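Asker: Next up, query_32.pdb (PDB, C-alpha atoms).
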ATOM      1  CA  MET X   1     124.869-190.532  24.847  1.00  0.00           C
ATOM      2  CA  ASN X   2     122.015-190.664  22.357  1.00  0.00           C
ATOM      3  CA  LYS X   3     120.121-193.539  20.782  1.00  0.00           C
ATOM      4  CA  TYR X   4     120.564-193.938  17.032  1.00  0.00           C
ATOM      5  CA  GLU X   5     119.401-196.186  14.246  1.00  0.00           C
ATOM      6  CA  VAL X   6     121.424-196.735  11.095  1.00  0.00           C
ATOM      7  CA  LEU X   7     120.144-198.468   7.982  1.00  0.00           C
ATOM      8  CA  TYR X   8     122.719-199.247   5.332  1.00  0.00           C
ATOM      9  CA  ILE X   9     122.810-201.181   2.082  1.00  0.00           C
ATOM     10  CA  VAL X  10     125.801-203.427   1.466  1.00  0.00           C
ATOM     11  CA  SER X  11     126.853-204.173  -2.102  1.00  0.00           C
ATOM     12  CA  PRO X  12     125.663-207.549  -3.444  1.00  0.00           C
ATOM     13  CA  ASP X  13     129.087-208.103  -5.034  1.00  0.00           C
ATOM     14  CA  LEU X  14     130.642-208.873  -1.643  1.00  0.00           C
ATOM     15  CA  SER X  15     130.902-212.458  -0.443  1.00  0.00           C
ATOM     16  CA  ASP X  16     129.260-213.544   2.809  1.00  0.00           C
ATOM     17  CA  GLU X  17     132.576-213.241   4.671  1.00  0.00           C
ATOM     18  CA  GLU X  18     133.281-209.772   3.305  1.00  0.00           C
ATOM     19  CA  ARG X  19     129.733-208.618   4.114  1.00  0.00           C
ATOM     20  CA  ASN X  20     130.028-209.931   7.677  1.00  0.00           C
ATOM     21  CA  ALA X  21     133.406-208.172   7.978  1.00  0.00           C
ATOM     22  CA  VAL X  22     131.789-204.846   6.975  1.00  0.00           C
ATOM     23  CA  ILE X  23     129.025-205.334   9.552  1.00  0.00           C
ATOM     24  CA  GLU X  24     131.564-206.247  12.260  1.00  0.00           C
ATOM     25  CA  LYS X  25     133.730-203.247  11.335  1.00  0.00           C
ATOM     26  CA  PHE X  26     130.960-200.787  12.175  1.00  0.00           C
ATOM     27  CA  LYS X  27     129.910-202.696  15.297  1.00  0.00           C
ATOM     28  CA  THR X  28     133.457-202.613  16.670  1.00  0.00           C
ATOM     29  CA  TYR X  29     133.832-198.941  15.668  1.00  0.00           C
ATOM     30  CA  ILE X  30     130.873-197.977  17.856  1.00  0.00           C
ATOM     31  CA  GLU X  31     131.982-200.164  20.770  1.00  0.00           C
ATOM     32  CA  SER X  32     135.593-198.954  20.616  1.00  0.00           C
ATOM     33  CA  ASN X  33     134.387-195.330  20.840  1.00  0.00           C
ATOM     34  CA  GLY X  34     132.369-195.890  24.013  1.00  0.00           C
ATOM     35  CA  GLY X  35     129.024-196.786  22.441  1.00  0.00           C
ATOM     36  CA  SER X  36     126.890-199.891  22.817  1.00  0.00           C
ATOM     37  CA  ILE X  37     124.980-201.961  20.281  1.00  0.00           C
ATOM     38  CA  SER X  38     121.387-202.844  21.169  1.00  0.00           C
ATOM     39  CA  GLY X  39     120.582-204.852  18.050  1.00  0.00           C
ATOM     40  CA  VAL X  40     121.615-205.740  14.515  1.00  0.00           C
ATOM     41  CA  ASP X  41     119.050-206.984  11.985  1.00  0.00           C
ATOM     42  CA  ASN X  42     120.273-208.388   8.693  1.00  0.00           C
ATOM     43  CA  TRP X  43     117.281-208.041   6.368  1.00  0.00           C
ATOM     44  CA  GLY X  44     119.006-209.911   3.561  1.00  0.00           C
ATOM     45  CA  LEU X  45     119.114-209.326  -0.174  1.00  0.00           C
ATOM     46  CA  LYS X  46     116.379-207.002  -1.468  1.00  0.00           C
ATOM     47  CA  THR X  47     115.643-205.479  -4.857  1.00  0.00           C
ATOM     48  CA  LEU X  48     116.324-201.748  -4.917  1.00  0.00           C
ATOM     49  CA  ALA X  49     113.651-199.279  -6.077  1.00  0.00           C
ATOM     50  CA  TYR X  50     116.171-197.791  -8.516  1.00  0.00           C
ATOM     51  CA  PRO X  51     119.760-198.680  -9.465  1.00  0.00           C
ATOM     52  CA  ILE X  52     122.475-197.379  -7.142  1.00  0.00           C
ATOM     53  CA  LYS X  53     126.014-197.478  -8.527  1.00  0.00           C
ATOM     54  CA  PHE X  54     124.677-199.751 -11.303  1.00  0.00           C
ATOM     55  CA  LYS X  55     123.436-202.330  -8.743  1.00  0.00           C
ATOM     56  CA  LYS X  56     119.818-203.512  -8.733  1.00  0.00           C
ATOM     57  CA  GLU X  57     119.996-205.409  -5.421  1.00  0.00           C
ATOM     58  CA  GLY X  58     121.559-204.892  -2.008  1.00  0.00           C
ATOM     59  CA  HIS X  59     121.842-206.429   1.451  1.00  0.00           C
ATOM     60  CA  TYR X  60     119.981-204.297   3.986  1.00  0.00           C
ATOM     61  CA  VAL X  61     121.316-204.060   7.556  1.00  0.00           C
ATOM     62  CA  LEU X  62     119.573-202.217  10.410  1.00  0.00           C
ATOM     63  CA  MET X  63     121.599-201.441  13.542  1.00  0.00           C
ATOM     64  CA  ASN X  64     120.373-199.791  16.759  1.00  0.00           C
ATOM     65  CA  TYR X  65     123.012-198.323  19.042  1.00  0.00           C
ATOM     66  CA  THR X  66     123.787-195.782  21.736  1.00  0.00           C
ATOM     67  CA  ALA X  67     126.733-193.429  21.207  1.00  0.00           C
ATOM     68  CA  SER X  68     127.839-189.821  21.260  1.00  0.00           C
ATOM     69  CA  ALA X  69     126.976-187.468  18.412  1.00  0.00           C
ATOM     70  CA  ASN X  70     130.617-187.231  17.331  1.00  0.00           C
ATOM     71  CA  THR X  71     130.833-191.013  16.994  1.00  0.00           C
ATOM     72  CA  SER X  72     127.746-191.085  14.762  1.00  0.00           C
ATOM     73  CA  ILE X  73     129.047-188.270  12.573  1.00  0.00           C
ATOM     74  CA  ALA X  74     132.421-189.968  12.171  1.00  0.00           C
ATOM     75  CA  MET X  75     130.794-193.333  11.391  1.00  0.00           C
ATOM     76  CA  GLY X  76     128.683-191.670   8.697  1.00  0.00           C
ATOM     77  CA  LYS X  77     131.834-190.311   7.086  1.00  0.00           C
ATOM     78  CA  LEU X  78     133.437-193.764   7.220  1.00  0.00           C
ATOM     79  CA  MET X  79     130.391-195.236   5.494  1.00  0.00           C
ATOM     80  CA  LEU X  80     130.689-192.666   2.705  1.00  0.00           C
ATOM     81  CA  ILE X  81     134.221-193.755   1.834  1.00  0.00           C
ATOM     82  CA  ASN X  82     133.619-197.493   2.254  1.00  0.00           C
ATOM     83  CA  GLU X  83     133.132-198.984  -1.221  1.00  0.00           C
ATOM     84  CA  GLY X  84     131.077-201.885   0.168  1.00  0.00           C
ATOM     85  CA  ILE X  85     128.292-199.542   1.323  1.00  0.00           C
ATOM     86  CA  LEU X  86     125.872-198.327  -1.370  1.00  0.00           C
ATOM     87  CA  ARG X  87     123.731-196.028   0.838  1.00  0.00           C
ATOM     88  CA  HIS X  88     123.224-195.296   4.524  1.00  0.00           C
ATOM     89  CA  ILE X  89     121.011-193.211   6.753  1.00  0.00           C
ATOM     90  CA  ILE X  90     121.544-192.450  10.450  1.00  0.00           C
ATOM     91  CA  VAL X  91     118.519-191.361  12.490  1.00  0.00           C
ATOM     92  CA  LYS X  92     118.501-190.116  16.064  1.00  0.00           C
ATOM     93  CA  LYS X  93     115.677-191.800  17.998  1.00  0.00           C
TER      94      LYS X  93
END
Rewrite the structure of this file - the entire thing - as C-alpha cells.
Answerer:
Amino acid sequence: MNKYEVLYIVSPDLSDEERNAVIEKFKTYIESNGGSISGVDNWGLKTLAYPIKFKKEGHYVLMNYTASANTSIAMGKLMLINEGILRHIIVKK
C-alpha cells in the first residue's frame, strides 16, 4: 500500500449535488478496493490558467489516500472517461 495524492478539477456545469456525487464516487472506489482516505479538501471554484474543454473555471478537489498501485491506475482511467472531470493528476508521495 502506497500513499497517493490526487488533484482533480470538476466541471463548473455540475450542480452541487452532482459535484458531491462525483467526489463520493471516487472516495467509495478507493475504499471498496481496500484503500483508505486520509483527507479530502474541496478548494472551491477557481479560475483556470487557460480554457479546458471550453471552460474558464473549475472546482478543485485534493484527496489524500492510501491504496495499491493497481487501484490508483484504475482510478486514473475512470477519471479520464468521466465527463465531469476536466483534468486530474495522481502523485505518489
Asker: Please write as a compact mmCIF listing (two decimals) with C-alpha atoms, in the coordinates of the input the full residue list that the PyMOL selection byres ((chain X and resi 89) around 8) yields on this file.
Answerer:
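Okay, this is what ended up in out25.txt:
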# COMPACT_ATOMS: atom_id res chain seq x y z
CA VAL X 6 121.42 -196.74 11.10
CA LEU X 7 120.14 -198.47 7.98
CA TYR X 8 122.72 -199.25 5.33
CA ARG X 87 123.73 -196.03 0.84
CA HIS X 88 123.22 -195.30 4.52
CA ILE X 90 121.54 -192.45 10.45
CA VAL X 91 118.52 -191.36 12.49
Asker: Excluding Tyr29 in chain X and any residue of its chain fewer than 3 positions from it, enumerate the residues within 12 Å of it, using all atoms listed in the file, and give them as a list in words.
Answerer: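 These residues fall inside the cut-off: Val22, Ile23, Glu24, Lys25, Phe26, Ser32, Asn33, Gly34, Gly35, Ser36, Ile37, Tyr65, Ala67, Thr71, Ser72, Ala74, Met75, Gly76, Leu78 and Met79 of chain X.
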Asker: Output the selection as a compact mmCIF listing (two decimals), keeping the file's coordinate frame - C-alpha atoms for each residue.
Answerer:
# COMPACT_ATOMS: atom_id res chain seq x y z
CA VAL X 22 131.79 -204.85 6.98
CA ILE X 23 129.02 -205.33 9.55
CA GLU X 24 131.56 -206.25 12.26
CA LYS X 25 133.73 -203.25 11.34
CA PHE X 26 130.96 -200.79 12.18
CA SER X 32 135.59 -198.95 20.62
CA ASN X 33 134.39 -195.33 20.84
CA GLY X 34 132.37 -195.89 24.01
CA GLY X 35 129.02 -196.79 22.44
CA SER X 36 126.89 -199.89 22.82
CA ILE X 37 124.98 -201.96 20.28
CA TYR X 65 123.01 -198.32 19.04
CA ALA X 67 126.73 -193.43 21.21
CA THR X 71 130.83 -191.01 16.99
CA SER X 72 127.75 -191.08 14.76
CA ALA X 74 132.42 -189.97 12.17
CA MET X 75 130.79 -193.33 11.39
CA GLY X 76 128.68 -191.67 8.70
CA LEU X 78 133.44 -193.76 7.22
CA MET X 79 130.39 -195.24 5.49
Asker: Using only C-alpha atoms, which of the listed residues (X:Met1, X:Asp16, X:Lys93, X:Ser11) sits closest to Ser68 in chain X?
Answerer: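 The answer is X:Met1, which sits nearest to Ser68 in chain X.
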Asker: So, with all atoms listed in the file as the atoms that count, which of X:Ala69, X:Leu14, X:Leu86, X:Ala21 lies closest to Lys56 in chain X?
Answerer: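 Closest to Lys56 in chain X of all the choices is X:Leu86.
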Asker: Show me, as a PyMOL selection string, the residues that have an atom within 10 Å of Thr47 in chain X when counting only C-alpha atoms, minus same-chain residues fewer than 3 positions from it.
Answerer: chain X and resi 50-51+55-60
Asker: Which is closest to Lys3 in chain X among X:Leu80, X:Lys53, X:Lys46, X:Ile30, if we use all atoms listed in the file?
Answerer: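 Using all atoms listed in the file, Lys3 in chain X sits closest to X:Ile30.
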Asker: Which distance in Å separates CA of Arg19 in chain X and CA of Leu45 in chain X, to one decimal?
Answerer: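 A separation of 11.5 Å between them.
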Asker: Hey, can you check how far CA of Pro12 in chain X sits from CA of Asn70 in chain X?
Answerer: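 CA of Pro12 in chain X sits 29.5 Å away from CA of Asn70 in chain X.
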Asker: State, in Å with one decimal place, the distance from CA of Thr28 in chain X to CA of Asn42 in chain X.
Answerer: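 Spanning CA of Thr28 in chain X to CA of Asn42 in chain X is a straight-line distance of 16.5 Å.
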Asker: Smallest atom-to-atom distance to Glu31 in chain X: which of X:Thr66, X:Phe54, X:Glu5, X:Glu17, using all atoms listed in the file?
Answerer: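 The answer is X:Thr66, which sits nearest to Glu31 in chain X.
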Asker: Please return the centre and edge lengths, in Å to one decimal, of a box with edges along x, y and z that contains all listed atoms of range 70-80 of chain X, widened by 5 Å on every side, as AutoDock Vina command-line options.
Answerer:
--center_x 130.6 --center_y -191.2 --center_z 10.0 --size_x 15.7 --size_y 18.0 --size_z 24.6
Asker: Reconstruct N, CA and C atoms of range 20-40 of chain X from the incomplete input and present them as an mmCIF file, in the coordinates of the input.
Answerer:
data_model
loop_
_atom_site.group_PDB
_atom_site.id
_atom_site.type_symbol
_atom_site.label_atom_id
_atom_site.label_comp_id
_atom_site.auth_asym_id
_atom_site.auth_seq_id
_atom_site.Cartn_x
_atom_site.Cartn_y
_atom_site.Cartn_z
ATOM 1 N N ASN X 20 129.980 -209.821 6.216
ATOM 2 C CA ASN X 20 130.028 -209.931 7.677
ATOM 3 C C ASN X 20 131.171 -209.105 8.255
ATOM 4 N N ALA X 21 132.282 -208.993 7.524
ATOM 5 C CA ALA X 21 133.406 -208.172 7.978
ATOM 6 C C ALA X 21 133.022 -206.696 8.001
ATOM 7 N N VAL X 22 132.247 -206.250 7.011
ATOM 8 C CA VAL X 22 131.789 -204.846 6.975
ATOM 9 C C VAL X 22 130.867 -204.577 8.159
ATOM 10 N N ILE X 23 129.950 -205.504 8.430
ATOM 11 C CA ILE X 23 129.025 -205.334 9.552
ATOM 12 C C ILE X 23 129.795 -205.301 10.869
ATOM 13 N N GLU X 24 130.754 -206.203 11.038
ATOM 14 C CA GLU X 24 131.564 -206.247 12.260
ATOM 15 C C GLU X 24 132.408 -204.989 12.412
ATOM 16 N N LYS X 25 132.900 -204.450 11.294
ATOM 17 C CA LYS X 25 133.730 -203.247 11.335
ATOM 18 C C LYS X 25 132.987 -202.090 11.997
ATOM 19 N N PHE X 26 131.715 -201.900 11.617
ATOM 20 C CA PHE X 26 130.960 -200.787 12.175
ATOM 21 C C PHE X 26 130.492 -201.081 13.602
ATOM 22 N N LYS X 27 130.248 -202.347 13.917
ATOM 23 C CA LYS X 27 129.910 -202.696 15.297
ATOM 24 C C LYS X 27 131.091 -202.423 16.224
ATOM 25 N N THR X 28 132.288 -202.840 15.829
ATOM 26 C CA THR X 28 133.457 -202.613 16.670
ATOM 27 C C THR X 28 133.823 -201.133 16.725
ATOM 28 N N TYR X 29 133.550 -200.373 15.648
ATOM 29 C CA TYR X 29 133.832 -198.941 15.668
ATOM 30 C C TYR X 29 133.018 -198.265 16.760
ATOM 31 N N ILE X 30 131.739 -198.589 16.835
ATOM 32 C CA ILE X 30 130.873 -197.977 17.856
ATOM 33 C C ILE X 30 131.319 -198.389 19.248
ATOM 34 N N GLU X 31 131.593 -199.681 19.447
ATOM 35 C CA GLU X 31 131.982 -200.164 20.770
ATOM 36 C C GLU X 31 133.342 -199.631 21.206
ATOM 37 N N SER X 32 134.269 -199.459 20.259
ATOM 38 C CA SER X 32 135.593 -198.954 20.616
ATOM 39 C C SER X 32 135.577 -197.470 20.959
ATOM 40 N N ASN X 33 134.522 -196.758 20.529
ATOM 41 C CA ASN X 33 134.387 -195.330 20.840
ATOM 42 C C ASN X 33 133.406 -195.076 21.971
ATOM 43 N N GLY X 34 133.171 -196.075 22.809
ATOM 44 C CA GLY X 34 132.369 -195.890 24.013
ATOM 45 C C GLY X 34 130.877 -196.096 23.836
ATOM 46 N N GLY X 35 130.443 -196.550 22.676
ATOM 47 C CA GLY X 35 129.024 -196.786 22.441
ATOM 48 C C GLY X 35 128.642 -198.227 22.738
ATOM 49 N N SER X 36 127.360 -198.522 22.615
ATOM 50 C CA SER X 36 126.890 -199.891 22.817
ATOM 51 C C SER X 36 125.854 -200.229 21.743
ATOM 52 N N ILE X 37 125.888 -201.465 21.308
ATOM 53 C CA ILE X 37 124.980 -201.961 20.281
ATOM 54 C C ILE X 37 123.784 -202.607 20.972
ATOM 55 N N SER X 38 122.573 -202.218 20.580
ATOM 56 C CA SER X 38 121.387 -202.844 21.169
ATOM 57 C C SER X 38 120.751 -203.859 20.232
ATOM 58 N N GLY X 39 121.116 -203.854 18.968
ATOM 59 C CA GLY X 39 120.582 -204.852 18.050
ATOM 60 C C GLY X 39 121.053 -204.652 16.626
ATOM 61 N N VAL X 40 121.248 -205.771 15.928
ATOM 62 C CA VAL X 40 121.615 -205.740 14.515
ATOM 63 C C VAL X 40 120.683 -206.694 13.782
#
